[in-house]
Amino acid sequence: IIRLPMIDNITATAENIAATIGFMKSIDNIRYTELLPYHDFGAMKRKSLGLNEGPHFFKRPDDETLSRIAARFKEAGLTVRLLGNTFYE
């Protein structure tokens, strides 16, 4: 099982996804891949510390982007789990 954090404009880019799929196709024993959308559970703590959100904080890709990424894995013949419960065979 491969788990990939999806961070907007960092790991959730066309170039990174293409390279990841290429690498994964070279491995024989991958059962499936999990795409893990970035979460911002630390937002309240940052706010309590007086830190403002800015471009230096990570962002979650939107649902459409995540679905397109999952579809690319499927098109490559890989099984992918998106948001922890949806399988694409």
# chains A, B, ... in the order shown; residues from 1 in each chain; ligands from 1
$ residues_around --residues "Ala12 (chain A)" --least-positions-apart "5" --cutoff "9 Å" --atoms "only C-alpha atoms" --output "PyMOL selection string"
chain A and resi 5-7+17+61+65-66+69
$ write_last_selection --atoms "N, CA, C and O atoms" --output "compact mmCIF listing (two decimals), in the first residue's frame"
# COMPACT_ATOMS: atom_id res chain seq x y z
N PRO A 5 0.34 11.88 0.31
CA PRO A 5 -0.31 13.13 0.73
C PRO A 5 -0.52 14.02 -0.49
O PRO A 5 0.39 14.18 -1.31
N MET A 6 -1.70 14.57 -0.62
CA MET A 6 -2.02 15.46 -1.73
C MET A 6 -2.08 16.90 -1.22
O MET A 6 -2.98 17.26 -0.47
N ILE A 7 -1.07 17.68 -1.59
CA ILE A 7 -0.97 19.08 -1.18
C ILE A 7 -1.00 19.93 -2.44
O ILE A 7 -0.22 19.70 -3.36
N ILE A 17 2.45 13.76 -10.31
CA ILE A 17 1.57 12.60 -10.47
C ILE A 17 2.10 11.69 -11.58
O ILE A 17 2.16 10.47 -11.42
N PRO A 61 -6.08 20.21 -2.15
CA PRO A 61 -6.61 20.31 -3.51
C PRO A 61 -8.13 20.21 -3.48
O PRO A 61 -8.70 19.53 -2.62
N THR A 65 -9.95 18.34 -8.58
CA THR A 65 -8.54 18.00 -8.81
C THR A 65 -8.24 16.60 -8.28
O THR A 65 -7.58 15.80 -8.96
N LEU A 66 -8.72 16.30 -7.09
CA LEU A 66 -8.49 14.97 -6.51
C LEU A 66 -9.11 13.88 -7.38
O LEU A 66 -8.50 12.83 -7.59
N ILE A 69 -6.92 13.35 -10.41
CA ILE A 69 -5.71 12.61 -10.06
C ILE A 69 -6.03 11.12 -9.92
O ILE A 69 -5.31 10.27 -10.43
$ residues_around --residues "Met24 (chain A)" --least-positions-apart "6" --cutoff "12 Å" --atoms "only C-alpha atoms" --output "PyMOL selection string"
chain A and resi 1-4+17-18+30-33+73+76-80
$ write_last_selection --atoms "all heavy atoms" --output "compact mmCIF listing (two decimals), in the first residue's frame"
# COMPACT_ATOMS: atom_id res chain seq x y z
N ILE A 1 0.86 -1.17 0.00
CA ILE A 1 0.00 0.00 0.00
C ILE A 1 0.90 1.23 0.00
O ILE A 1 1.80 1.35 0.82
CB ILE A 1 -0.93 0.02 1.23
CG1 ILE A 1 -1.82 -1.23 1.22
CG2 ILE A 1 -1.77 1.30 1.24
CD1 ILE A 1 -2.61 -1.44 2.48
N ILE A 2 0.62 2.13 -0.94
CA ILE A 2 1.35 3.40 -1.03
C ILE A 2 0.39 4.51 -0.60
O ILE A 2 -0.74 4.57 -1.07
CB ILE A 2 1.82 3.67 -2.48
CG1 ILE A 2 2.66 2.52 -3.01
CG2 ILE A 2 2.54 5.00 -2.57
CD1 ILE A 2 4.00 2.39 -2.35
N ARG A 3 0.84 5.35 0.30
CA ARG A 3 0.01 6.47 0.77
C ARG A 3 0.67 7.78 0.32
O ARG A 3 1.81 8.04 0.63
CB ARG A 3 -0.12 6.43 2.28
CG ARG A 3 -0.71 5.08 2.74
CD ARG A 3 -0.90 5.03 4.21
NE ARG A 3 -2.23 5.59 4.45
CZ ARG A 3 -2.61 6.13 5.60
NH1 ARG A 3 -1.78 6.20 6.60
NH2 ARG A 3 -3.81 6.61 5.74
N LEU A 4 -0.09 8.58 -0.43
CA LEU A 4 0.44 9.82 -0.99
C LEU A 4 -0.31 11.03 -0.47
O LEU A 4 -1.50 11.21 -0.76
CB LEU A 4 0.31 9.79 -2.52
CG LEU A 4 1.05 8.69 -3.26
CD1 LEU A 4 0.64 8.70 -4.72
CD2 LEU A 4 2.54 8.90 -3.12
N ILE A 17 2.45 13.76 -10.31
CA ILE A 17 1.57 12.60 -10.47
C ILE A 17 2.10 11.69 -11.58
O ILE A 17 2.16 10.47 -11.42
CB ILE A 17 0.12 13.03 -10.75
CG1 ILE A 17 -0.44 13.83 -9.55
CG2 ILE A 17 -0.77 11.84 -11.07
CD1 ILE A 17 -0.36 13.15 -8.21
N ALA A 18 2.53 12.27 -12.70
CA ALA A 18 3.08 11.46 -13.80
C ALA A 18 4.32 10.70 -13.34
O ALA A 18 4.46 9.50 -13.62
CB ALA A 18 3.42 12.35 -14.99
N ILE A 30 2.37 -3.69 -5.45
CA ILE A 30 1.54 -2.65 -4.84
C ILE A 30 0.09 -3.10 -4.88
O ILE A 30 -0.45 -3.40 -5.95
CB ILE A 30 1.70 -1.31 -5.59
CG1 ILE A 30 3.13 -0.81 -5.44
CG2 ILE A 30 0.72 -0.28 -5.03
CD1 ILE A 30 3.43 0.44 -6.22
N ARG A 31 -0.52 -3.16 -3.73
CA ARG A 31 -1.92 -3.58 -3.65
C ARG A 31 -2.84 -2.45 -4.12
O ARG A 31 -3.74 -2.66 -4.92
CB ARG A 31 -2.24 -3.97 -2.22
CG ARG A 31 -3.56 -4.60 -2.04
CD ARG A 31 -3.66 -5.22 -0.67
NE ARG A 31 -5.02 -5.64 -0.45
CZ ARG A 31 -5.54 -5.79 0.74
NH1 ARG A 31 -4.82 -5.57 1.82
NH2 ARG A 31 -6.78 -6.18 0.87
N TYR A 32 -2.64 -1.26 -3.56
CA TYR A 32 -3.38 -0.07 -3.99
C TYR A 32 -2.67 1.17 -3.46
O TYR A 32 -1.75 1.07 -2.66
CB TYR A 32 -4.85 -0.10 -3.55
CG TYR A 32 -5.08 -0.10 -2.06
CD1 TYR A 32 -5.16 1.09 -1.34
CD2 TYR A 32 -5.24 -1.29 -1.37
CE1 TYR A 32 -5.38 1.08 0.04
CE2 TYR A 32 -5.47 -1.32 -0.01
CZ TYR A 32 -5.54 -0.12 0.69
OH TYR A 32 -5.76 -0.13 2.04
N THR A 33 -3.12 2.30 -3.94
CA THR A 33 -2.57 3.58 -3.52
C THR A 33 -3.66 4.39 -2.84
O THR A 33 -4.80 4.42 -3.32
CB THR A 33 -2.06 4.37 -4.76
OG1 THR A 33 -1.08 3.59 -5.41
CG2 THR A 33 -1.48 5.70 -4.35
N PHE A 73 -4.57 7.65 -12.09
CA PHE A 73 -4.07 6.38 -11.56
C PHE A 73 -4.86 5.22 -12.19
O PHE A 73 -4.28 4.22 -12.60
CB PHE A 73 -4.18 6.34 -10.04
CG PHE A 73 -3.05 7.02 -9.34
CD1 PHE A 73 -3.07 8.39 -9.13
CD2 PHE A 73 -1.95 6.31 -8.89
CE1 PHE A 73 -2.02 9.03 -8.50
CE2 PHE A 73 -0.89 6.93 -8.26
CZ PHE A 73 -0.93 8.30 -8.05
N ALA A 76 -3.90 4.45 -15.65
CA ALA A 76 -2.60 3.78 -15.71
C ALA A 76 -2.68 2.33 -15.26
O ALA A 76 -1.67 1.63 -15.20
CB ALA A 76 -1.59 4.55 -14.85
N GLY A 77 -3.87 1.87 -14.92
CA GLY A 77 -4.05 0.48 -14.50
C GLY A 77 -3.77 0.24 -13.03
O GLY A 77 -3.61 -0.91 -12.61
N LEU A 78 -3.75 1.31 -12.23
CA LEU A 78 -3.48 1.18 -10.80
C LEU A 78 -4.77 1.33 -10.01
O LEU A 78 -5.68 2.07 -10.40
CB LEU A 78 -2.48 2.25 -10.35
CG LEU A 78 -1.11 2.19 -11.04
CD1 LEU A 78 -0.32 3.45 -10.75
CD2 LEU A 78 -0.35 0.96 -10.57
N THR A 79 -4.86 0.64 -8.89
CA THR A 79 -6.01 0.76 -8.00
C THR A 79 -5.71 1.88 -7.02
O THR A 79 -4.63 1.95 -6.44
CB THR A 79 -6.26 -0.55 -7.24
OG1 THR A 79 -6.49 -1.59 -8.19
CG2 THR A 79 -7.46 -0.44 -6.33
N VAL A 80 -6.67 2.77 -6.84
CA VAL A 80 -6.46 3.94 -6.00
C VAL A 80 -7.65 4.13 -5.06
O VAL A 80 -8.79 3.84 -5.42
CB VAL A 80 -6.22 5.21 -6.86
CG1 VAL A 80 -7.42 5.53 -7.72
CG2 VAL A 80 -5.83 6.40 -6.02
$ select_by_dssp --residues "chain A" --states "strand (DSSP E)" --output "list of chain:residue names"
A:Ile2, A:Arg3, A:Leu4, A:Pro5, A:Met6, A:Thr33, A:Glu34, A:Leu35, A:Leu36, A:Pro37, A:Val80, A:Arg81, A:Leu82, A:Thr86, A:Phe87, A:Tyr88
$ write_last_selection --atoms "C-alpha atoms" --output "PDB file, in the first residue's frame"
ATOM      1  CA  ILE A   2       1.351   3.397  -1.034  1.00  0.00           C
ATOM      2  CA  ARG A   3       0.014   6.475   0.771  1.00  0.00           C
ATOM      3  CA  LEU A   4       0.441   9.818  -0.992  1.00  0.00           C
ATOM      4  CA  PRO A   5      -0.309  13.129   0.726  1.00  0.00           C
ATOM      5  CA  MET A   6      -2.018  15.463  -1.731  1.00  0.00           C
ATOM      6  CA  THR A  33      -2.570   3.582  -3.522  1.00  0.00           C
ATOM      7  CA  GLU A  34      -4.244   5.923  -1.076  1.00  0.00           C
ATOM      8  CA  LEU A  35      -4.488   9.597  -1.971  1.00  0.00           C
ATOM      9  CA  LEU A  36      -4.553  11.551   1.285  1.00  0.00           C
ATOM     10  CA  PRO A  37      -5.889  15.079   0.878  1.00  0.00           C
ATOM     11  CA  VAL A  80      -6.463   3.941  -5.996  1.00  0.00           C
ATOM     12  CA  ARG A  81      -8.386   4.883  -2.881  1.00  0.00           C
ATOM     13  CA  LEU A  82      -9.464   8.511  -2.614  1.00  0.00           C
ATOM     14  CA  THR A  86     -13.604   5.146  -2.657  1.00  0.00           C
ATOM     15  CA  PHE A  87     -11.937   2.501  -4.793  1.00  0.00           C
ATOM     16  CA  TYR A  88     -11.224   2.877  -8.474  1.00  0.00           C
TER      17      TYR A  88
END
$ atom_distance --atom1 "CA of Thr20 (chain A)" --atom2 "CA of Ala43 (chain A)"
29.1 Å
